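Have a look at data.pdb; it's PDB, C-alpha atoms:
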```pdb
ATOM      1  CA  MET S 231       0.000   0.000   0.000
ATOM      2  CA  LEU S 232       1.293   3.464  -0.875
ATOM      3  CA  ALA S 233       1.971   5.806   2.015
ATOM      4  CA  PRO S 234      -0.292   8.864   1.988
ATOM      5  CA  ALA S 235       1.256  12.056   0.586
ATOM      6  CA  ASP S 236       2.241  14.905   2.907
ATOM      7  CA  ARG S 237      -0.747  16.886   1.646
ATOM      8  CA  THR S 238      -3.248  14.210   2.671
ATOM      9  CA  LEU S 239      -1.674  13.908   6.111
ATOM     10  CA  ILE S 240      -1.651  17.681   6.628
ATOM     11  CA  GLU S 241      -5.310  17.927   5.612
ATOM     12  CA  ARG S 242      -6.177  15.234   8.166
ATOM     13  CA  VAL S 243      -4.293  17.109  10.894
ATOM     14  CA  VAL S 244      -6.054  20.387  10.055
ATOM     15  CA  ALA S 245      -9.556  18.925   9.670
ATOM     16  CA  LYS S 246      -9.563  16.253  12.375
ATOM     17  CA  ASP S 247      -6.657  17.182  14.665
ATOM     18  CA  CYS S 248      -5.326  13.728  13.732
ATOM     19  CA  ARG S 249      -2.236  12.985  15.880
ATOM     20  CA  ASP S 250      -1.406   9.773  14.007
ATOM     21  CA  SER S 251      -1.115  11.667  10.719
ATOM     22  CA  PHE S 252       1.118  14.258  12.331
ATOM     23  CA  SER S 253       3.278  11.496  13.815
ATOM     24  CA  THR S 254       3.696  10.057  10.308
ATOM     25  CA  LEU S 255       4.812  13.488   9.083
ATOM     26  CA  VAL S 256       7.314  13.749  11.953
ATOM     27  CA  GLU S 257       8.613  10.249  11.238
ATOM     28  CA  ARG S 258       9.024  11.121   7.562
ATOM     29  CA  HIS S 259      10.867  14.414   8.071
ATOM     30  CA  GLN S 260      12.686  13.924  11.391
ATOM     31  CA  SER S 261      15.946  12.581  10.028
ATOM     32  CA  GLY S 262      16.431  15.333   7.439
ATOM     33  CA  LEU S 263      15.513  18.087   9.875
ATOM     34  CA  ARG S 264      17.698  16.687  12.663
ATOM     35  CA  TYR S 265      20.632  16.445  10.240
ATOM     36  CA  SER S 266      20.031  20.023   9.048
ATOM     37  CA  LEU S 267      19.930  21.302  12.604
ATOM     38  CA  ARG S 268      23.116  19.422  13.468
ATOM     39  CA  GLN S 269      24.716  21.222  10.536
ATOM     40  CA  MET S 270      23.319  24.528  11.789
ATOM     41  CA  THR S 271      24.484  24.093  15.389
ATOM     42  CA  GLY S 272      28.075  22.946  14.903
ATOM     43  CA  TRP S 273      26.962  19.311  15.334
ATOM     44  CA  ASP S 274      25.521  19.879  18.824
ATOM     45  CA  GLU S 275      23.309  16.785  18.854
ATOM     46  CA  ALA S 276      21.327  17.628  21.998
ATOM     47  CA  LEU S 277      20.626  21.200  20.915
ATOM     48  CA  ALA S 278      19.762  20.094  17.370
ATOM     49  CA  ASP S 279      17.258  17.524  18.632
ATOM     50  CA  ASP S 280      15.700  20.029  21.060
ATOM     51  CA  LEU S 281      15.303  22.554  18.233
ATOM     52  CA  ALA S 282      13.876  19.857  15.946
ATOM     53  CA  GLN S 283      11.339  18.926  18.608
ATOM     54  CA  GLU S 284      10.340  22.574  19.112
ATOM     55  CA  THR S 285      10.096  22.985  15.336
ATOM     56  CA  PHE S 286       7.622  20.121  15.025
ATOM     57  CA  ILE S 287       5.540  21.432  17.926
ATOM     58  CA  LYS S 288       5.419  24.913  16.370
ATOM     59  CA  ALA S 289       4.558  23.321  13.027
ATOM     60  CA  PHE S 290       1.681  21.443  14.638
ATOM     61  CA  GLN S 291       0.357  24.630  16.250
ATOM     62  CA  ALA S 292       0.618  26.600  12.995
ATOM     63  CA  ILE S 293      -0.287  23.862  10.523
ATOM     64  CA  GLY S 294      -3.584  25.585   9.696
ATOM     65  CA  SER S 295      -1.587  28.451   8.195
ATOM     66  CA  TYR S 296       0.387  26.172   5.834
ATOM     67  CA  LYS S 297      -0.822  27.007   2.323
ATOM     68  CA  PHE S 298       0.761  24.225   0.236
ATOM     69  CA  ASP S 299       2.573  26.883  -1.829
ATOM     70  CA  ALA S 300       5.967  25.404  -0.863
ATOM     71  CA  LYS S 301       7.162  21.943   0.090
ATOM     72  CA  PHE S 302       6.305  20.941   3.649
ATOM     73  CA  SER S 303      10.020  20.426   4.309
ATOM     74  CA  SER S 304      10.731  24.005   3.180
ATOM     75  CA  TRP S 305       8.071  25.268   5.570
ATOM     76  CA  LEU S 306       9.703  23.243   8.343
ATOM     77  CA  TYR S 307      13.101  24.794   7.512
ATOM     78  CA  ARG S 308      11.587  28.246   7.913
ATOM     79  CA  ILE S 309      10.212  27.378  11.350
ATOM     80  CA  ALA S 310      13.480  25.673  12.322
ATOM     81  CA  TYR S 311      15.414  28.780  11.290
ATOM     82  CA  ASN S 312      13.152  30.963  13.452
ATOM     83  CA  GLN S 313      13.617  28.576  16.376
ATOM     84  CA  MET S 314      17.368  28.686  15.928
ATOM     85  CA  VAL S 315      17.437  32.494  15.739
ATOM     86  CA  SER S 316      15.294  32.730  18.884
ATOM     87  CA  HIS S 317      17.555  30.280  20.672
ATOM     88  CA  TYR S 318      20.727  32.196  19.790
ATOM     89  CA  ARG S 319      19.093  35.506  20.603
ATOM     90  CA  LEU S 320      18.278  34.242  24.101
ATOM     91  CA  ALA S 321      21.731  32.755  24.606
ATOM     92  CA  ARG S 322      23.724  35.384  22.738
ATOM     93  CA  ASN S 323      26.575  35.607  25.221
ATOM     94  CA  ARG S 324      26.943  31.849  25.377
ATOM     95  CA  GLU S 325      26.896  31.689  21.575
ATOM     96  CA  ILE S 326      29.722  34.240  21.237
ATOM     97  CA  SER S 327      31.978  32.302  23.624
ATOM     98  CA  GLY S 328      31.042  29.085  21.823
ATOM     99  CA  ILE S 329      32.122  30.522  18.481
ATOM    100  CA  ASP S 330      35.473  31.624  19.889
ATOM    101  CA  GLU S 331      36.151  28.129  21.203
ATOM    102  CA  THR S 332      35.281  26.639  17.826
ATOM    103  CA  VAL S 333      37.569  29.067  16.010
ATOM    104  CA  ILE S 334      40.482  27.985  18.174
ATOM    105  CA  SER S 335      39.774  24.285  17.791
ATOM    106  CA  ALA S 336      39.389  24.617  14.020
ATOM    107  CA  ALA S 337      42.652  26.534  13.751
ATOM    108  CA  GLU S 338      44.472  23.900  15.797
ATOM    109  CA  ARG S 339      43.000  21.000  13.888
ATOM    110  CA  PRO S 340      45.831  19.065  12.245
ATOM    111  CA  VAL S 341      45.711  18.216   8.571
ATOM    112  CA  ILE S 342      45.015  14.515   8.488
ATOM    113  CA  ALA S 343      45.811  12.156   5.692
ATOM    114  CA  GLU S 344      42.505  10.379   5.439
ATOM    115  CA  HIS S 345      39.098  11.671   6.449
ATOM    116  CA  SER S 346      36.091   9.595   7.382
ATOM    117  CA  GLU S 347      32.524  10.343   6.328
ATOM    118  CA  GLN S 348      31.524  11.152   9.921
ATOM    119  CA  GLU S 349      34.402  13.637  10.178
ATOM    120  CA  LEU S 350      33.274  15.313   6.996
ATOM    121  CA  HIS S 351      29.749  15.951   8.382
ATOM    122  CA  GLN S 352      31.108  17.211  11.691
ATOM    123  CA  ASP S 353      33.818  19.393  10.144
ATOM    124  CA  LEU S 354      31.309  20.928   7.751
ATOM    125  CA  ALA S 355      29.025  21.663  10.700
ATOM    126  CA  ARG S 356      31.854  23.216  12.721
ATOM    127  CA  ALA S 357      32.949  25.341   9.772
ATOM    128  CA  MET S 358      29.347  26.417   9.153
ATOM    129  CA  GLN S 359      29.166  27.495  12.803
ATOM    130  CA  GLN S 360      31.661  30.267  11.959
ATOM    131  CA  LEU S 361      29.201  31.855   9.527
ATOM    132  CA  PRO S 362      26.544  34.341  10.637
ATOM    133  CA  THR S 363      23.242  32.548  11.344
ATOM    134  CA  GLN S 364      21.443  33.810   8.244
ATOM    135  CA  GLN S 365      24.368  33.034   5.931
ATOM    136  CA  ARG S 366      24.691  29.586   7.522
ATOM    137  CA  MET S 367      21.082  28.749   6.768
ATOM    138  CA  VAL S 368      21.328  30.022   3.186
ATOM    139  CA  ILE S 369      24.495  27.988   2.574
ATOM    140  CA  HIS S 370      22.886  24.883   4.068
ATOM    141  CA  LEU S 371      19.770  25.204   1.930
ATOM    142  CA  TYR S 372      21.869  25.793  -1.191
ATOM    143  CA  LEU S 373      24.734  23.343  -0.779
ATOM    144  CA  HIS S 374      23.210  20.596   1.370
ATOM    145  CA  ARG S 375      19.576  20.711   0.338
ATOM    146  CA  GLN S 376      20.237  21.931  -3.218
ATOM    147  CA  LEU S 377      17.311  24.348  -3.212
ATOM    148  CA  THR S 378      17.152  26.969  -5.935
ATOM    149  CA  HIS S 379      17.879  30.638  -5.277
ATOM    150  CA  GLU S 380      14.159  31.356  -5.625
ATOM    151  CA  GLU S 381      13.180  28.682  -3.095
ATOM    152  CA  ILE S 382      15.741  30.083  -0.645
ATOM    153  CA  CYS S 383      14.362  33.605  -1.170
ATOM    154  CA  THR S 384      10.898  32.315  -0.222
ATOM    155  CA  ILE S 385      12.042  30.382   2.841
ATOM    156  CA  MET S 386      14.341  33.097   4.157
ATOM    157  CA  GLU S 387      12.136  36.021   3.061
ATOM    158  CA  MET S 388      15.200  37.646   1.487
ATOM    159  CA  PRO S 389      15.784  39.393  -1.867
ATOM    160  CA  LEU S 390      17.524  37.383  -4.589
ATOM    161  CA  GLY S 391      20.631  39.586  -4.561
ATOM    162  CA  THR S 392      21.138  39.093  -0.820
ATOM    163  CA  VAL S 393      20.798  35.322  -1.190
ATOM    164  CA  LYS S 394      23.445  35.277  -3.940
ATOM    165  CA  THR S 395      25.783  37.447  -1.862
ATOM    166  CA  CYS S 396      25.302  35.183   1.182
ATOM    167  CA  ILE S 397      26.186  32.137  -0.921
ATOM    168  CA  SER S 398      29.310  33.619  -2.459
ATOM    169  CA  ARG S 399      30.612  35.042   0.860
ATOM    170  CA  GLY S 400      29.743  31.857   2.724
ATOM    171  CA  LYS S 401      31.536  29.680   0.188
ATOM    172  CA  ALA S 402      34.628  31.908   0.353
ATOM    173  CA  THR S 403      34.735  31.620   4.155
ATOM    174  CA  LEU S 404      34.175  27.857   4.083
ATOM    175  CA  ARG S 405      36.930  27.440   1.493
ATOM    176  CA  LYS S 406      39.406  28.905   3.998
ATOM    177  CA  LEU S 407      38.023  27.047   7.007
ATOM    178  CA  LEU S 408      37.978  23.682   5.257
ATOM    179  CA  SER S 409      41.429  23.921   3.718
ATOM    180  CA  SER S 410      42.460  20.704   5.509
ATOM    181  CA  TRP S 411      39.988  18.897   3.232
ATOM    182  CA  GLN S 412      41.807  20.081   0.120
ATOM    183  CA  ASN S 413      41.836  17.349  -2.512
ATOM    184  CA  GLU S 414      40.530  14.828   0.025
ATOM    185  CA  ASP S 415      37.947  12.145  -0.558
ATOM    186  CA  VAL S 416      36.146  10.497   2.288
ATOM    187  CA  ALA S 417      37.288   7.011   3.183
TER     188      ALA S 417
ATOM    189  CA  MET A 166      50.486  27.553  -4.756
ATOM    190  CA  SER A 167      47.864  25.191  -3.358
ATOM    191  CA  ASN A 168      44.519  24.615  -5.047
ATOM    192  CA  PRO A 169      41.497  26.166  -3.350
ATOM    193  CA  THR A 170      39.247  23.677  -1.544
ATOM    194  CA  ASP A 171      36.420  22.500  -3.782
ATOM    195  CA  ILE A 172      33.467  23.329  -1.573
ATOM    196  CA  ASP A 173      30.893  22.009  -4.052
ATOM    197  CA  HIS A 174      32.693  18.656  -4.174
ATOM    198  CA  LEU A 175      32.853  18.434  -0.360
ATOM    199  CA  PHE A 176      29.162  19.166  -0.021
ATOM    200  CA  SER A 177      28.322  16.687  -2.753
ATOM    201  CA  GLN A 178      30.200  14.019  -0.758
ATOM    202  CA  ALA A 179      28.289  15.072   2.363
ATOM    203  CA  ARG A 180      24.968  14.852   0.518
ATOM    204  CA  ALA A 181      25.789  11.412  -0.814
ATOM    205  CA  GLY A 182      26.698  10.189   2.662
ATOM    206  CA  GLU A 183      23.991  11.968   4.664
ATOM    207  CA  PRO A 184      23.194   9.701   7.612
ATOM    208  CA  TYR A 185      19.632   8.571   8.327
ATOM    209  CA  PHE A 186      18.794   9.125  11.974
ATOM    210  CA  ILE A 187      16.588   6.349  13.239
ATOM    211  CA  ASP A 188      13.605   7.397  15.313
ATOM    212  CA  GLN A 189      14.913   6.251  18.756
ATOM    213  CA  GLY A 190      11.853   7.650  20.522
ATOM    214  CA  PHE A 191      12.003  11.058  18.835
ATOM    215  CA  VAL A 192       8.510  10.790  17.315
ATOM    216  CA  SER A 193       6.891   9.649  20.571
ATOM    217  CA  LYS A 194       8.699  12.464  22.420
ATOM    218  CA  VAL A 195       7.283  15.030  19.976
ATOM    219  CA  ARG A 196       3.846  13.431  20.173
ATOM    220  CA  SER A 197       3.811  13.515  23.966
ATOM    221  CA  THR A 198       4.602  17.252  23.996
ATOM    222  CA  LEU A 199       1.926  18.276  21.494
ATOM    223  CA  PRO A 200      -0.768  20.569  22.927
ATOM    224  CA  ALA A 201      -3.791  18.748  24.371
ATOM    225  CA  LYS A 202      -6.505  17.767  21.924
ATOM    226  CA  ARG A 203      -9.357  20.250  21.618
ATOM    227  CA  LYS A 204     -12.683  19.128  23.035
ATOM    228  CA  VAL A 205     -14.535  21.157  20.399
ATOM    229  CA  SER A 206     -13.290  21.919  16.895
ATOM    230  CA  VAL A 207     -12.157  25.414  15.848
ATOM    231  CA  GLY A 208     -15.335  25.810  13.747
ATOM    232  CA  GLN A 209     -17.612  24.848  16.643
ATOM    233  CA  GLU A 210     -15.712  27.144  19.010
ATOM    234  CA  SER A 211     -16.094  30.079  16.580
ATOM    235  CA  ALA A 212     -19.808  29.339  16.118
ATOM    236  CA  ILE A 213     -20.411  29.217  19.894
ATOM    237  CA  THR A 214     -18.497  32.492  20.415
ATOM    238  CA  THR A 215     -20.409  34.225  17.599
ATOM    239  CA  VAL A 216     -23.842  33.103  18.852
ATOM    240  CA  ALA A 217     -22.988  34.111  22.437
ATOM    241  CA  THR A 218     -21.741  37.534  21.264
ATOM    242  CA  VAL A 219     -24.883  38.195  19.196
ATOM    243  CA  LEU A 220     -27.145  37.155  22.083
ATOM    244  CA  GLY A 221     -25.177  39.348  24.515
ATOM    245  CA  CYS A 222     -25.429  42.362  22.186
ATOM    246  CA  ALA A 223     -29.192  41.802  21.721
ATOM    247  CA  VAL A 224     -29.741  41.707  25.498
ATOM    248  CA  ALA A 225     -27.564  44.795  26.137
ATOM    249  CA  TYR A 226     -28.923  46.881  23.254
ATOM    250  CA  PRO A 227     -32.057  48.374  24.994
ATOM    251  CA  PHE A 228     -29.992  49.369  28.042
ATOM    252  CA  PHE A 229     -26.984  50.824  26.251
ATOM    253  CA  PRO A 230     -26.649  54.630  26.718
ATOM    254  CA  PHE A 231     -25.770  55.539  23.106
ATOM    255  CA  ASN A 232     -26.707  59.227  23.412
ATOM    256  CA  GLU A 233     -24.721  59.782  26.610
ATOM    257  CA  ILE A 234     -21.612  58.176  25.110
ATOM    258  CA  ILE A 235     -21.916  60.198  21.898
ATOM    259  CA  GLY A 236     -22.256  63.313  24.046
ATOM    260  CA  LEU A 237     -18.965  62.488  25.770
ATOM    261  CA  LEU A 238     -17.010  62.464  22.503
ATOM    262  CA  PRO A 239     -14.808  65.572  22.155
ATOM    263  CA  THR A 240     -15.651  67.945  19.330
ATOM    264  CA  GLN A 241     -12.199  69.521  19.350
ATOM    265  CA  PHE A 242      -8.773  67.987  19.744
ATOM    266  CA  SER A 243      -5.475  69.673  20.563
ATOM    267  CA  ILE A 244      -2.054  68.226  21.322
ATOM    268  CA  THR A 245       1.090  69.815  22.781
ATOM    269  CA  PRO A 246       4.540  69.254  21.209
ATOM    270  CA  VAL A 247       5.489  67.027  24.153
ATOM    271  CA  GLY A 248       2.308  65.018  23.732
ATOM    272  CA  LEU A 249       2.991  64.675  20.012
ATOM    273  CA  LEU A 250       6.512  63.401  20.794
ATOM    274  CA  ALA A 251       5.140  60.901  23.292
ATOM    275  CA  VAL A 252       2.579  59.595  20.787
ATOM    276  CA  SER A 253       5.266  59.318  18.081
ATOM    277  CA  GLY A 254       7.547  57.443  20.477
ATOM    278  CA  LEU A 255       4.795  55.010  21.431
ATOM    279  CA  ALA A 256       3.880  54.458  17.769
ATOM    280  CA  SER A 257       7.540  53.798  16.846
ATOM    281  CA  GLY A 258       7.881  51.378  19.728
ATOM    282  CA  LEU A 259       4.747  49.551  18.646
ATOM    283  CA  VAL A 260       5.937  49.293  15.026
ATOM    284  CA  TYR A 261       9.344  47.966  16.182
ATOM    285  CA  TRP A 262       7.714  45.409  18.466
ATOM    286  CA  LEU A 263       5.421  44.220  15.672
ATOM    287  CA  ALA A 264       8.344  43.947  13.246
ATOM    288  CA  GLU A 265      10.361  41.921  15.781
ATOM    289  CA  ASN A 266       7.499  39.559  16.464
ATOM    290  CA  GLN A 267       5.964  39.070  13.029
ATOM    291  CA  ARG A 268       8.280  36.159  12.146
ATOM    292  CA  SER A 269       7.505  33.962  15.121
ATOM    293  CA  TYR A 270       5.174  31.127  14.173
TER     294      TYR A 270
END
```

Give the structure from this file in structure tokens form.
Amino acid sequence: MLAPADRTLIERVVAKDCRDSFSTLVERHQSGLRYSLRQMTGWDEALADDLAQETFIKAFQAIGSYKFDAKFSSWLYRIAYNQMVSHYRLARNREISGIDETVISAAERPVIAEHSEQELHQDLARAMQQLPTQQRMVIHLYLHRQLTHEEICTIMEMPLGTVKTCISRGKATLRKLLSSWQNEDVA
Amino acid sequence: MSNPTDIDHLFSQARAGEPYFIDQGFVSKVRSTLPAKRKVSVGQESAITTVATVLGCAVAYPFFPFNEIIGLLPTQFSITPVGLLAVSGLASGLVYWLAENQRSY
């Protein structure tokens, strides 16, 4: 039997407050969102999972306002981004000290001969952590999720020119931060 | 001179090897923290509120002192420069607060 589409599940949640349908949506999107939030938080697994949980709860509360004009996952990214911004706004001082620590550890990281796949994900996340929050999200949506510039504009509510600038600046910064990965393939 | 790191290639490797996180109780944790189920639907709640409001207005209508309230309305309005500044400040504050809060779902 074919699994019901996101649209059908969302309609059931809106019309009948159906928790089972929402659970199916969570099950379907949890891995991608948790991975995205790990990338956004410098691979802080606990924080990423907390933000993912809050994102799904917010999505449930606001699901009546979802208009099917974008993919459900894109809508989730928007909520997740807002959750992340709120979190960092509340813990701004802690975030600044966290960034400094990461800068030092990244600078001291030795160039290693062979990288594993797990190291690649974690190093990308740590390098992304050096970018400003908005630029980090844009880079993630573009390079990880391969969304188009237009889709990113919609999710981030940003003009096209700003999105393009964020991508080019973000890539330039990452190129420097990830220099230890030069010409490396994962093992 | 060393070659610049190929960011697109690195991210393409990351995409290809993106891990799948198994549920491990995540879904049930989300489900247990969802707001309690409504006893009446949104539509029913709106209908009940509307009917109650209309009934309340109908009951209050004969007793409502329309003429007295209209008589209390000022026919002239004047504001001092300080008052104008205060109103502008409040309006700016309100606009800023709305702008800061409009993105929260």

Item to check | Shell of 12 Å around S:Arg375, only C-alpha atoms, local chain residues under 3 positions omitted, as a ChimeraX atom specification | outcome: /S:262-263,265-266,269,303-304,307,367-372,378-379,381-382 /A:176-177,179-181,183

Next on the checklist: On this structure, the PyMOL selection byres ((chain S) within 9 of (chain A)) would catch which residues? List them as a PyMOL selection string, sorted by chain and number.
Outcome noted: chain S and resi 245-247+249-250+252-254+256-257+260-262+264-265+279+283-284+286-292+309+312-313+316+347-348+350-351+354+373-375+401-402+404-406+408-416

Checklist entry - In Å to one decimal, how far is atom CA of S:Ala321 from atom CA of A:Val260? => result 24.8 Å

Next on the checklist: To one decimal place in Å, what is the distance between atom CA of S:Trp273 and atom CA of S:Asp353?
Outcome noted: 8.6 Å

Quick one: what's the axis-aligned box for stretch 357-374 of chain S, all listed atoms, 6 Å on every side, centre and edges in Å to one decimal, as JSON?
```
{"center_x": 26.4, "center_y": 27.5, "center_z": 5.8, "size_x": 25.2, "size_y": 25.7, "size_z": 26.0}
```

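Closest approach to A:Ala201 from the set S:Thr384, S:His259, S:Ser346, S:Cys248 is made by S:Cys248, with distances taken over only C-alpha atoms.
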
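Between atom CA of S:Leu377 and atom CA of S:Leu239 there is a distance of 23.6 Å.
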
Next on the checklist: Which residue is closest to S:Arg308? Choose from S:Gln359, S:Thr285, S:Ser295, S:Thr403 and count all atoms listed in the file.
Outcome noted: S:Thr285

Item to check | Contacts of S:Thr271 within 12 Å, only C-alpha atoms, excl. fewer than 4 positions in-chain, as an MDAnalysis selection string | outcome: chainID S and resid 264:267 275:282 310:311 313:315 317:318 325 328:329 332 351:363 366:367 370

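Nearest-residue note for S:Asp299: choosing from S:Gly400, S:Arg237, S:Leu407, S:Gln364, the minimum distance belongs to S:Arg237, counting only C-alpha atoms.
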